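Next comes work21.tsv, with TSV, C-alpha atoms.
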chain	number	residue	atom	x	y	z
A	1	MET	CA	0.00	0.00	0.00
A	2	ILE	CA	1.38	3.43	-1.01
A	3	ASP	CA	2.21	5.80	1.82
A	4	ARG	CA	-0.07	8.83	2.21
A	5	ARG	CA	2.98	11.08	2.11
A	6	ILE	CA	3.78	9.83	-1.38
A	7	ILE	CA	0.19	10.32	-2.54
A	8	GLY	CA	0.17	13.86	-1.13
A	9	GLY	CA	3.48	14.68	-2.80
A	10	ILE	CA	2.26	13.36	-6.16
A	11	TYR	CA	-0.90	15.47	-5.85
A	12	CYS	CA	1.22	18.56	-5.19
A	13	ILE	CA	3.30	17.82	-8.31
A	14	CYS	CA	0.28	17.06	-10.53
A	15	LEU	CA	-1.90	20.01	-9.49
A	16	PRO	CA	0.19	22.61	-11.42
A	17	ALA	CA	0.06	20.35	-14.50
A	18	LEU	CA	-3.73	20.03	-14.22
A	19	LEU	CA	-4.11	23.80	-13.77
A	20	ALA	CA	-1.85	24.54	-16.75
A	21	THR	CA	-3.78	22.08	-18.93
A	22	TYR	CA	-7.14	23.58	-17.91
A	23	LEU	CA	-5.99	27.15	-18.56
A	24	SER	CA	-4.46	26.22	-21.92
A	25	VAL	CA	-7.61	24.47	-23.15
A	26	ARG	CA	-9.81	27.31	-21.93
A	27	ALA	CA	-7.61	29.92	-23.59
A	28	CYS	CA	-7.73	28.02	-26.88
A	29	ARG	CA	-11.51	27.72	-26.77
A	30	ARG	CA	-11.84	31.47	-26.24
A	31	LEU	CA	-9.10	32.67	-28.59
A	32	LEU	CA	-9.74	30.36	-31.56
A	33	PRO	CA	-13.16	31.90	-32.51
A	34	ILE	CA	-11.76	35.43	-32.07
A	35	TYR	CA	-8.77	34.62	-34.27
A	36	GLU	CA	-10.92	33.02	-36.97
A	37	GLU	CA	-13.30	36.01	-36.92
A	38	ARG	CA	-10.36	38.38	-37.44
A	39	GLU	CA	-9.05	36.25	-40.27
A	40	GLN	CA	-12.44	36.28	-41.99
A	41	ALA	CA	-12.69	40.06	-41.58
A	42	GLN	CA	-9.26	40.47	-43.14
A	43	LEU	CA	-10.17	38.12	-45.99
A	44	LYS	CA	-13.43	40.01	-46.62
A	45	ALA	CA	-11.59	43.33	-46.72
A	46	GLU	CA	-9.08	42.01	-49.28
A	47	CYS	CA	-11.87	40.53	-51.42
A	48	ARG	CA	-13.79	43.83	-51.30
A	49	GLU	CA	-10.71	45.60	-52.62
A	50	ALA	CA	-10.64	43.11	-55.51
A	51	VAL	CA	-14.36	43.77	-56.20
A	52	GLU	CA	-13.86	47.54	-56.26
A	53	ASP	CA	-11.00	47.11	-58.68
A	54	LEU	CA	-13.16	44.77	-60.78
A	55	ARG	CA	-16.02	47.28	-60.81
A	56	ASP	CA	-13.73	50.08	-61.95
A	57	HIS	CA	-11.90	47.90	-64.46
A	58	PRO	CA	-14.30	45.24	-65.80
A	59	GLU	CA	-11.74	44.07	-68.35
A	60	LYS	CA	-9.75	42.43	-65.55
A	61	GLY	CA	-12.55	39.97	-64.89
A	62	VAL	CA	-14.24	37.24	-66.85
A	63	GLY	CA	-17.80	37.86	-67.90
A	64	ARG	CA	-20.33	35.19	-67.19
A	65	GLN	CA	-24.03	34.74	-67.76
A	66	ARG	CA	-25.91	35.71	-64.66
A	67	PRO	CA	-26.95	32.60	-62.76
A	68	GLU	CA	-30.18	32.51	-60.84
A	69	ARG	CA	-28.21	32.23	-57.60
A	70	PRO	CA	-24.42	32.58	-57.77
A	71	GLU	CA	-22.15	30.26	-55.83
A	72	GLY	CA	-21.52	31.81	-52.45
A	73	TRP	CA	-24.80	33.76	-52.57
A	74	LYS	CA	-25.24	33.32	-48.81
A	75	ASN	CA	-22.07	35.35	-48.29
A	76	ALA	CA	-23.20	38.08	-50.70
A	77	TYR	CA	-22.67	41.69	-49.77
A	78	SER	CA	-23.95	44.95	-51.26
A	79	ILE	CA	-21.72	47.45	-53.02
A	80	GLY	CA	-23.39	50.40	-54.73
A	81	LYS	CA	-26.25	49.03	-56.90
A	82	GLY	CA	-24.65	45.61	-57.17
A	83	ARG	CA	-23.81	42.66	-55.05
A	84	TRP	CA	-20.61	40.74	-54.59
A	85	GLY	CA	-19.29	37.65	-52.83
A	86	TYR	CA	-16.44	35.18	-52.74
A	87	VAL	CA	-15.90	31.43	-52.58
A	88	GLU	CA	-12.80	29.83	-51.00
A	89	TYR	CA	-11.09	26.91	-52.72
A	90	ASP	CA	-7.95	25.01	-51.77
A	91	ASP	CA	-5.71	26.87	-54.21
A	92	ARG	CA	-7.54	30.17	-54.80
A	93	ILE	CA	-10.41	32.50	-53.91
A	94	THR	CA	-13.02	33.31	-56.57
A	95	VAL	CA	-14.55	36.77	-56.23
A	96	TRP	CA	-17.71	37.66	-58.17
A	97	TYR	CA	-19.44	40.98	-58.81
A	98	LEU	CA	-23.05	41.11	-60.00
A	99	ASN	CA	-24.65	44.29	-61.39
A	100	ASN	CA	-28.04	43.95	-63.13
A	101	LYS	CA	-27.63	41.12	-65.61
A	102	ARG	CA	-23.87	41.38	-65.87
A	103	MET	CA	-21.57	39.23	-63.73
A	104	GLN	CA	-17.79	39.52	-63.54
A	105	VAL	CA	-15.54	36.90	-61.93
A	106	VAL	CA	-11.88	37.09	-60.94
A	107	ASP	CA	-9.56	34.69	-59.07
A	108	VAL	CA	-7.26	36.00	-56.36
A	109	PRO	CA	-4.59	34.09	-54.44
A	110	HIS	CA	-4.98	33.13	-50.82
A	111	PRO	CA	-3.64	35.83	-48.50
A	112	ASP	CA	-0.71	34.94	-46.26
A	113	ARG	CA	-2.27	33.80	-43.00
A	114	LEU	CA	-0.94	31.86	-40.07
A	115	PRO	CA	-2.59	28.41	-40.08
A	116	PHE	CA	-3.70	28.65	-36.47
A	117	SER	CA	-5.75	25.45	-36.34
A	118	SER	CA	-3.14	23.31	-38.12
A	119	LEU	CA	-0.05	24.79	-36.47
A	120	ILE	CA	-0.77	26.37	-33.10
A	121	LEU	CA	-3.06	23.65	-31.76
A	122	PRO	CA	-0.67	20.73	-32.52
A	123	THR	CA	2.20	22.76	-31.04
A	124	LEU	CA	0.17	23.36	-27.91
A	125	GLY	CA	-0.72	19.67	-27.78
A	126	ILE	CA	2.94	18.64	-28.04
A	127	ALA	CA	3.87	21.16	-25.34
A	128	LEU	CA	1.22	19.74	-23.01
A	129	VAL	CA	2.40	16.18	-23.68
A	130	VAL	CA	5.99	17.17	-22.87
A	131	PHE	CA	4.78	19.01	-19.78
A	132	TRP	CA	2.90	15.96	-18.56
A	133	CYS	CA	5.89	13.69	-19.29
A	134	VAL	CA	8.04	15.95	-17.14
A	135	THR	CA	5.35	15.89	-14.45
A	136	ILE	CA	5.21	12.09	-14.48
A	137	ALA	CA	9.00	11.94	-14.33
A	138	GLY	CA	8.88	14.29	-11.34
A	139	CYS	CA	6.34	12.03	-9.61
A	140	TRP	CA	8.58	9.02	-10.25
A	141	LEU	CA	11.69	10.79	-8.93
A	142	PHE	CA	9.77	11.94	-5.87
A	143	TYR	CA	8.54	8.40	-5.20
A	144	ARG	CA	12.04	6.98	-5.64
A	145	SER	CA	13.61	9.58	-3.34
A	146	VAL	CA	11.05	8.86	-0.61
A	147	LYS	CA	11.58	5.12	-1.01
A	148	GLU	CA	15.38	5.51	-0.91
A	149	ARG	CA	15.09	7.59	2.24
A	150	ASP	CA	12.87	4.99	3.93
A	151	ASP	CA	15.20	2.17	2.83
A	152	PHE	CA	18.16	4.15	4.09
A	153	ILE	CA	16.55	4.61	7.52
A	154	ALA	CA	15.61	0.92	7.67
A	155	ALA	CA	19.12	-0.20	6.68
A	156	THR	CA	20.66	2.20	9.20
A	157	ALA	CA	18.50	0.82	11.99
A	158	HIS	CA	19.35	-2.75	10.97
A	159	ASP	CA	23.10	-2.27	10.70
A	160	LEU	CA	23.38	-0.36	13.97
A	161	THR	CA	21.02	-2.59	15.95
A	162	THR	CA	22.99	-5.77	15.26
A	163	PRO	CA	26.32	-4.62	16.77
A	164	LEU	CA	24.49	-2.84	19.61
A	165	VAL	CA	22.90	-6.13	20.70
A	166	ALA	CA	26.27	-7.89	20.45
A	167	LEU	CA	27.99	-5.08	22.35
A	168	ARG	CA	25.49	-5.32	25.20
A	169	ARG	CA	26.20	-9.03	25.57
A	170	LEU	CA	29.99	-8.75	25.29
A	171	ILE	CA	30.71	-5.66	27.34
A	172	ARG	CA	31.06	-7.63	30.61
A	173	ARG	CA	32.13	-11.05	29.39
A	174	GLU	CA	34.69	-10.14	26.72
A	175	PRO	CA	35.88	-6.52	26.93
A	176	GLY	CA	38.32	-6.93	24.02
A	177	GLU	CA	35.59	-8.20	21.71
A	178	ALA	CA	33.33	-5.39	22.89
A	179	VAL	CA	35.97	-2.84	21.85
A	180	ARG	CA	36.18	-4.43	18.39
A	181	VAL	CA	32.40	-4.28	17.96
A	182	SER	CA	32.32	-0.65	19.12
A	183	GLU	CA	35.04	0.24	16.61
A	184	ARG	CA	32.96	-1.35	13.86
A	185	MET	CA	29.98	0.71	14.95
A	186	MET	CA	32.10	3.85	14.77
A	187	ARG	CA	33.09	2.93	11.23
A	188	LEU	CA	29.42	2.49	10.31
A	189	VAL	CA	28.56	5.90	11.74
A	190	LYS	CA	31.58	7.41	9.93
A	191	ASN	CA	30.26	5.98	6.66
A	192	LEU	CA	26.93	7.69	7.27
A	193	THR	CA	28.42	11.09	8.11
A	194	ASP	CA	30.84	10.94	5.17
A	195	SER	CA	27.97	10.04	2.85
A	196	LEU	CA	25.94	13.04	4.00
A	197	THR	CA	28.97	15.30	3.55
A	198	LEU	CA	29.56	14.05	0.01
A	199	VAL	CA	25.88	14.49	-0.87
A	200	ASP	CA	25.94	18.03	0.52
A	201	GLY	CA	28.76	18.83	-1.90
A	202	ARG	CA	31.36	19.89	0.68
A	203	ARG	CA	34.87	18.77	-0.15
A	204	HIS	CA	36.75	16.61	2.37
A	205	ARG	CA	40.01	17.86	3.78
A	206	LEU	CA	42.78	15.41	2.97
A	207	GLN	CA	45.90	15.01	5.08
A	208	THR	CA	48.29	13.54	2.56
A	209	GLU	CA	51.32	11.61	3.83
A	210	ALA	CA	53.55	8.73	2.83
A	211	PHE	CA	52.77	5.41	4.57
A	212	ASP	CA	52.93	1.67	4.04
A	213	LEU	CA	49.75	0.43	2.34
A	214	ARG	CA	50.19	-3.07	3.82
A	215	ALA	CA	50.21	-1.61	7.35
A	216	ALA	CA	47.01	0.30	6.58
A	217	TYR	CA	45.46	-2.93	5.34
A	218	GLU	CA	46.40	-4.75	8.54
A	219	GLU	CA	44.80	-1.97	10.58
A	220	ALA	CA	41.54	-2.35	8.67
A	221	TYR	CA	41.72	-6.16	8.69
A	222	ALA	CA	42.03	-6.25	12.49
A	223	LEU	CA	38.33	-5.38	12.81
A	224	PHE	CA	37.33	-8.44	10.75
A	225	LYS	CA	40.03	-10.94	11.68
A	226	GLU	CA	37.84	-13.10	13.91
A	227	ASP	CA	34.95	-13.04	11.43
A	228	PHE	CA	37.12	-14.23	8.54
A	229	ARG	CA	38.75	-16.89	10.72
A	230	PHE	CA	35.30	-18.16	11.66
A	231	LEU	CA	34.30	-18.42	7.99
A	232	PHE	CA	37.64	-19.91	6.83
A	233	ASP	CA	38.07	-22.51	9.63
A	234	GLY	CA	40.60	-20.51	11.61
A	235	LYS	CA	42.56	-19.21	8.62
A	236	ASP	CA	43.21	-15.60	7.71
A	237	VAL	CA	42.64	-14.01	4.33
A	238	ALA	CA	45.57	-14.89	2.05
A	239	VAL	CA	47.73	-11.84	1.28
A	240	GLU	CA	50.29	-11.54	-1.51
A	241	CYS	CA	52.60	-8.57	-0.87
A	242	PRO	CA	56.15	-8.99	-2.20
A	243	GLU	CA	57.63	-5.81	-0.70
A	244	ARG	CA	56.96	-2.68	1.32
A	245	LEU	CA	54.72	-0.44	-0.77
A	246	GLU	CA	54.47	3.19	0.26
A	247	VAL	CA	51.68	5.39	-1.08
A	248	LEU	CA	51.02	9.13	-0.93
A	249	ALA	CA	47.49	9.51	0.36
A	250	ASP	CA	45.30	10.25	3.38
A	251	ARG	CA	45.89	7.35	5.76
A	252	THR	CA	42.55	7.66	7.58
A	253	LYS	CA	40.56	7.68	4.32
A	254	THR	CA	42.64	4.80	2.95
A	255	VAL	CA	41.90	2.68	6.03
A	256	GLN	CA	38.23	3.48	5.64
A	257	ILE	CA	38.30	2.42	1.97
A	258	LEU	CA	39.98	-0.88	2.91
A	259	TRP	CA	37.50	-1.36	5.76
A	260	ASN	CA	34.58	-0.92	3.33
A	261	LEU	CA	36.08	-3.40	0.88
A	262	LEU	CA	36.71	-5.97	3.63
A	263	ALA	CA	33.19	-5.51	5.00
A	264	ASN	CA	31.80	-6.05	1.51
A	265	GLU	CA	33.84	-9.22	1.03
A	266	MET	CA	32.91	-10.58	4.45
A	267	LYS	CA	29.16	-10.12	4.00
A	268	TYR	CA	28.66	-11.14	0.38
A	269	ALA	CA	31.65	-13.19	-0.85
A	270	ALA	CA	33.43	-14.96	2.02
A	271	PRO	CA	30.50	-17.32	2.80
A	272	TYR	CA	30.84	-18.76	-0.76
A	273	GLY	CA	34.60	-19.22	-1.00
A	274	LEU	CA	38.09	-17.92	-0.32
A	275	VAL	CA	39.11	-14.28	-0.51
A	276	ARG	CA	42.62	-13.28	-1.56
A	277	VAL	CA	44.34	-9.90	-1.36
A	278	ARG	CA	47.05	-9.07	-3.87
A	279	PHE	CA	49.40	-6.08	-3.79
A	280	ALA	CA	51.18	-4.88	-6.92
A	281	SER	CA	52.94	-1.72	-8.06
A	282	ASP	CA	54.65	0.07	-10.91
A	283	ARG	CA	56.65	3.29	-11.10
A	284	THR	CA	53.66	5.59	-10.51
A	285	CYS	CA	51.01	3.72	-8.55
A	286	VAL	CA	50.26	0.93	-6.10
A	287	ARG	CA	47.31	-1.45	-6.51
A	288	VAL	CA	45.62	-3.70	-3.97
A	289	SER	CA	43.09	-6.18	-5.34
A	290	PHE	CA	40.44	-8.13	-3.42
A	291	VAL	CA	39.77	-11.34	-5.34
A	292	ASP	CA	36.79	-13.45	-4.25
A	293	GLU	CA	34.81	-16.48	-5.40
A	294	GLY	CA	31.38	-15.20	-4.44
A	295	PRO	CA	28.21	-15.07	-6.54
A	296	GLY	CA	29.64	-12.15	-8.51
A	297	LEU	CA	27.92	-9.30	-10.32
A	298	THR	CA	26.43	-9.01	-13.77
A	299	ALA	CA	27.90	-6.56	-16.26
A	300	GLY	CA	25.03	-4.14	-15.60
A	301	GLU	CA	25.47	-4.42	-11.83
A	302	ARG	CA	29.21	-3.76	-12.14
A	303	ARG	CA	28.47	-0.54	-14.01
A	304	LYS	CA	26.13	0.67	-11.23
A	305	ILE	CA	27.75	-0.82	-8.11
A	306	PHE	CA	29.49	2.46	-7.16
A	307	ARG	CA	26.28	4.52	-7.33
A	308	ARG	CA	25.09	5.87	-4.03
A	309	TYR	CA	22.32	3.77	-2.41
A	310	TYR	CA	22.53	1.14	-5.17
A	311	ARG	CA	22.48	-2.50	-4.08
A	312	ALA	CA	22.73	-5.46	-6.41
A	313	LYS	CA	19.72	-7.76	-6.62
A	314	ARG	CA	21.39	-10.72	-4.86
A	315	THR	CA	22.70	-8.57	-2.00
A	316	SER	CA	19.38	-6.80	-1.43
A	317	GLN	CA	17.59	-10.17	-1.34
A	318	SER	CA	20.17	-11.75	0.98
A	319	GLY	CA	18.63	-10.19	4.10
A	320	LYS	CA	21.98	-8.72	5.14
A	321	GLY	CA	22.06	-5.08	6.15
A	322	GLY	CA	23.67	-2.46	4.01
A	323	PHE	CA	23.28	1.17	3.07
A	324	GLY	CA	24.55	1.04	-0.49
A	325	ILE	CA	26.98	3.84	0.37
A	326	GLY	CA	30.18	2.05	1.41
A	327	LEU	CA	31.52	1.43	-2.10
A	328	ALA	CA	30.30	4.83	-3.30
A	329	ASN	CA	32.22	6.53	-0.48
A	330	ALA	CA	35.27	4.38	-1.11
A	331	ARG	CA	35.53	5.32	-4.79
A	332	SER	CA	34.88	9.01	-4.03
A	333	PHE	CA	37.71	9.05	-1.49
A	334	ALA	CA	40.05	7.18	-3.83
A	335	ARG	CA	39.46	9.71	-6.60
A	336	LEU	CA	39.91	12.65	-4.22
A	337	MET	CA	43.37	11.25	-3.46
A	338	GLY	CA	44.25	10.94	-7.15
A	339	GLY	CA	43.54	7.21	-7.37
A	340	ASP	CA	40.56	5.07	-8.29
A	341	LEU	CA	38.47	2.07	-7.29
A	342	THR	CA	37.29	-0.37	-9.97
A	343	VAL	CA	35.55	-3.74	-10.20
A	344	ALA	CA	35.95	-6.55	-12.70
A	345	ALA	CA	34.71	-10.11	-13.10
A	346	ASN	CA	36.76	-12.97	-11.67
A	347	GLU	CA	36.67	-16.09	-13.81
A	348	PRO	CA	34.97	-18.48	-13.41
A	349	LYS	CA	33.02	-16.70	-10.65
A	350	GLY	CA	33.33	-13.84	-8.26
A	351	CYS	CA	34.65	-10.29	-8.49
A	352	VAL	CA	37.90	-8.38	-8.28
A	353	PHE	CA	37.83	-4.98	-6.56
A	354	THR	CA	41.02	-3.00	-7.19
A	355	LEU	CA	42.12	0.10	-5.27
A	356	THR	CA	44.75	2.20	-7.03
A	357	LEU	CA	46.72	4.94	-5.21
A	358	ARG	CA	49.71	7.12	-6.09
A	359	ARG	CA	53.06	5.68	-5.15
A	360	SER	CA	55.30	7.66	-2.86
A	361	VAL	CA	58.53	8.75	-4.56
What's the structure tokens form of this structure?
Amino acid sequence: MIDRRIIGGIYCICLPALLATYLSVRACRRLLPIYEEREQAQLKAECREAVEDLRDHPEKGVGRQRPERPEGWKNAYSIGKGRWGYVEYDDRITVWYLNNKRMQVVDVPHPDRLPFSSLILPTLGIALVVFWCVTIAGCWLFYRSVKERDDFIAATAHDLTTPLVALRRLIRREPGEAVRVSERMMRLVKNLTDSLTLVDGRRHRLQTEAFDLRAAYEEAYALFKEDFRFLFDGKDVAVECPERLEVLADRTKTVQILWNLLANEMKYAAPYGLVRVRFASDRTCVRVSFVDEGPGLTAGERRKIFRRYYRAKRTSQSGKGGFGIGLANARSFARLMGGDLTVAANEPKGCVFTLTLRRSV
């Protein structure tokens, strides 16, 4: 059942469209007869000029035998002792002048007139159709924004309630575990505040420094170590890092990016298979790739996975909490630091998320 707020918002969007449509139709109904009357008056005046010229110069016309009732007799008008009238055809206007038994006829071209009925009315119709299409699009965007907001609130409540319950149980029995859960909660809240800041358009202040990317990874991995060991029968995530790799970036933001990637792997990929982390570098940049054997993403989902509030179909149906902002924040931060975050398919199944940062000279 649709929320009353959505119905009210749609009404507010549609009312201006209904009012504009009503005023446009009413204006056309009132202006069209006035315009046609003016056009006929102008046509009559031009035809009268042709009749006066024909009366003064009969040789310009064609003499005809007087019919009992000339064509267009209903539109006949008096001029001196005679009568005159005109008949409109598709390609011309025939003007006749009748005086006693003598009738003169002359053809005149159509005057230049704006085809109001055939031009203005279709244009107005097209404008109204476009206006209504924009209105419908506005209703759809309004509905989607309300739904995204409600989903966001629901996901926030879900993701914060779970660690709160665990924290309440652990705070007396296992203080160390309670600290780990509280740190994870702080990361969740940081994701939310960073997302709101990015949406608001304010630029983050970066504190660039040179540091070891492997050490930053270990700091982020510490929050998930026990979870991965539980899923992998006591084993840690396999890491391939041949040497010390220093990057030039904001360490806090880099740890947050790695935390988001690890959280994503733990929730959606680790239950289906192993996760491996590979470090590589060249002369200008350092790359860390998260390779998993999870259900993977379709090509369309990979194109949209970094959009804010977007969640792939499998992940949204999995019942696991999520805001759809972690990966969006991660890529935004990576690009602010001069790097990037990409995703590719892992054959035969799974995904490869790759974080690229500038290498320290």
From A:Asp56, A:Asp236, A:Glu293, A:Glu246, residue lying nearest Ala280 (chain A) [only C-alpha atoms] =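 The shortest atom-to-atom distance to Ala280 (chain A) comes from A:Glu246.
Taking CA of Thr208 (chain A) as the reference point, CA of Val352 (chain A) is found at 26.6 Å.
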One-decimal distance in Å that lies between CA of Pro16 (chain A) and CA of Leu128 (chain A) | 12.0 Å
Could you work out how far CA of Trp84 (chain A) lies from CA of Asn99 (chain A), giving the answer in Å with one decimal?
-> 8.7 Å
Shell of 12 Å around Arg229 (chain A), all atoms listed in the file, local chain residues under 6 positions omitted, as a PDB file with C-alpha atoms, keeping the file's coordinate frame:
ATOM      1  CA  TYR A 221      41.720  -6.160   8.690  1.00  0.00           C
ATOM      2  CA  ALA A 222      42.030  -6.250  12.490  1.00  0.00           C
ATOM      3  CA  LEU A 223      38.330  -5.380  12.810  1.00  0.00           C
ATOM      4  CA  LYS A 235      42.560 -19.210   8.620  1.00  0.00           C
ATOM      5  CA  ASP A 236      43.210 -15.600   7.710  1.00  0.00           C
ATOM      6  CA  VAL A 237      42.640 -14.010   4.330  1.00  0.00           C
ATOM      7  CA  ALA A 238      45.570 -14.890   2.050  1.00  0.00           C
ATOM      8  CA  MET A 266      32.910 -10.580   4.450  1.00  0.00           C
ATOM      9  CA  ALA A 270      33.430 -14.960   2.020  1.00  0.00           C
ATOM     10  CA  PRO A 271      30.500 -17.320   2.800  1.00  0.00           C
ATOM     11  CA  LEU A 274      38.090 -17.920  -0.320  1.00  0.00           C
ATOM     12  CA  VAL A 275      39.110 -14.280  -0.510  1.00  0.00           C
TER      13      VAL A 275
END
Mind listing as a list in words all residues within 12 Å of (-10.1, 42.8, -52.9), counting only C-alpha atoms?
->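 It turns out the residues near that spot are Ala41, Gln42, Leu43, Lys44, Ala45, Glu46, Cys47, Arg48, Glu49, Ala50, Val51, Glu52, Asp53, Leu54, Arg55, Trp84, Gly85, Tyr86, Ile93, Thr94, Val95, Trp96, Tyr97, Val106, Asp107, Val108, Pro109, His110 and Pro111 of chain A.
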Counting all atoms listed in the file, which of A:Val130, A:Leu355, A:Leu98, A:Ile325 gets nearest to Val277 (chain A)?
-> A:Leu355
Counting all atoms listed in the file, what is within 9 Å of Cys14 (chain A), bar same-chain residues fewer than 5 positions away, as JSON, numbers by chain?
-> {"A": [9, 19, 132, 135, 136, 139]}
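Distances here use only C-alpha atoms; by that measure, the residue among A:Tyr309, A:Gly350, A:Met337, A:Leu262 closest to Gly294 (chain A) is A:Gly350.
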Go through A:Arg358, A:Arg335, A:Lys253, A:Lys81 one by one, measure the shortest atom-to-atom distance of each to Leu206 (chain A) using all atoms listed in the file, and give the residue with the smallest value.
-> A:Lys253
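The residue that comes closest to Gly125 (chain A), out of A:Leu15, A:Leu258, A:Ile305, A:Val25 and on the basis of only C-alpha atoms, is A:Val25.
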Is it possible to get the axis-aligned box enclosing region 308-313 of chain A (all listed atoms, 8 Å extra per side) as JSON, with centre and edge lengths in Å rounded to one decimal?
{"center_x": 22.4, "center_y": -0.9, "center_z": -4.5, "size_x": 21.4, "size_y": 29.6, "size_z": 20.2}
Neighbours of Phe279 (chain A) within 9 Å (only C-alpha atoms; same-chain residues fewer than 4 positions away dropped), as a list in words?
-> Leu213, Arg214, Val239, Glu240, Cys241, Pro242, Glu243, Leu245, Val286, Arg287, Val288 and Ser289 of chain A
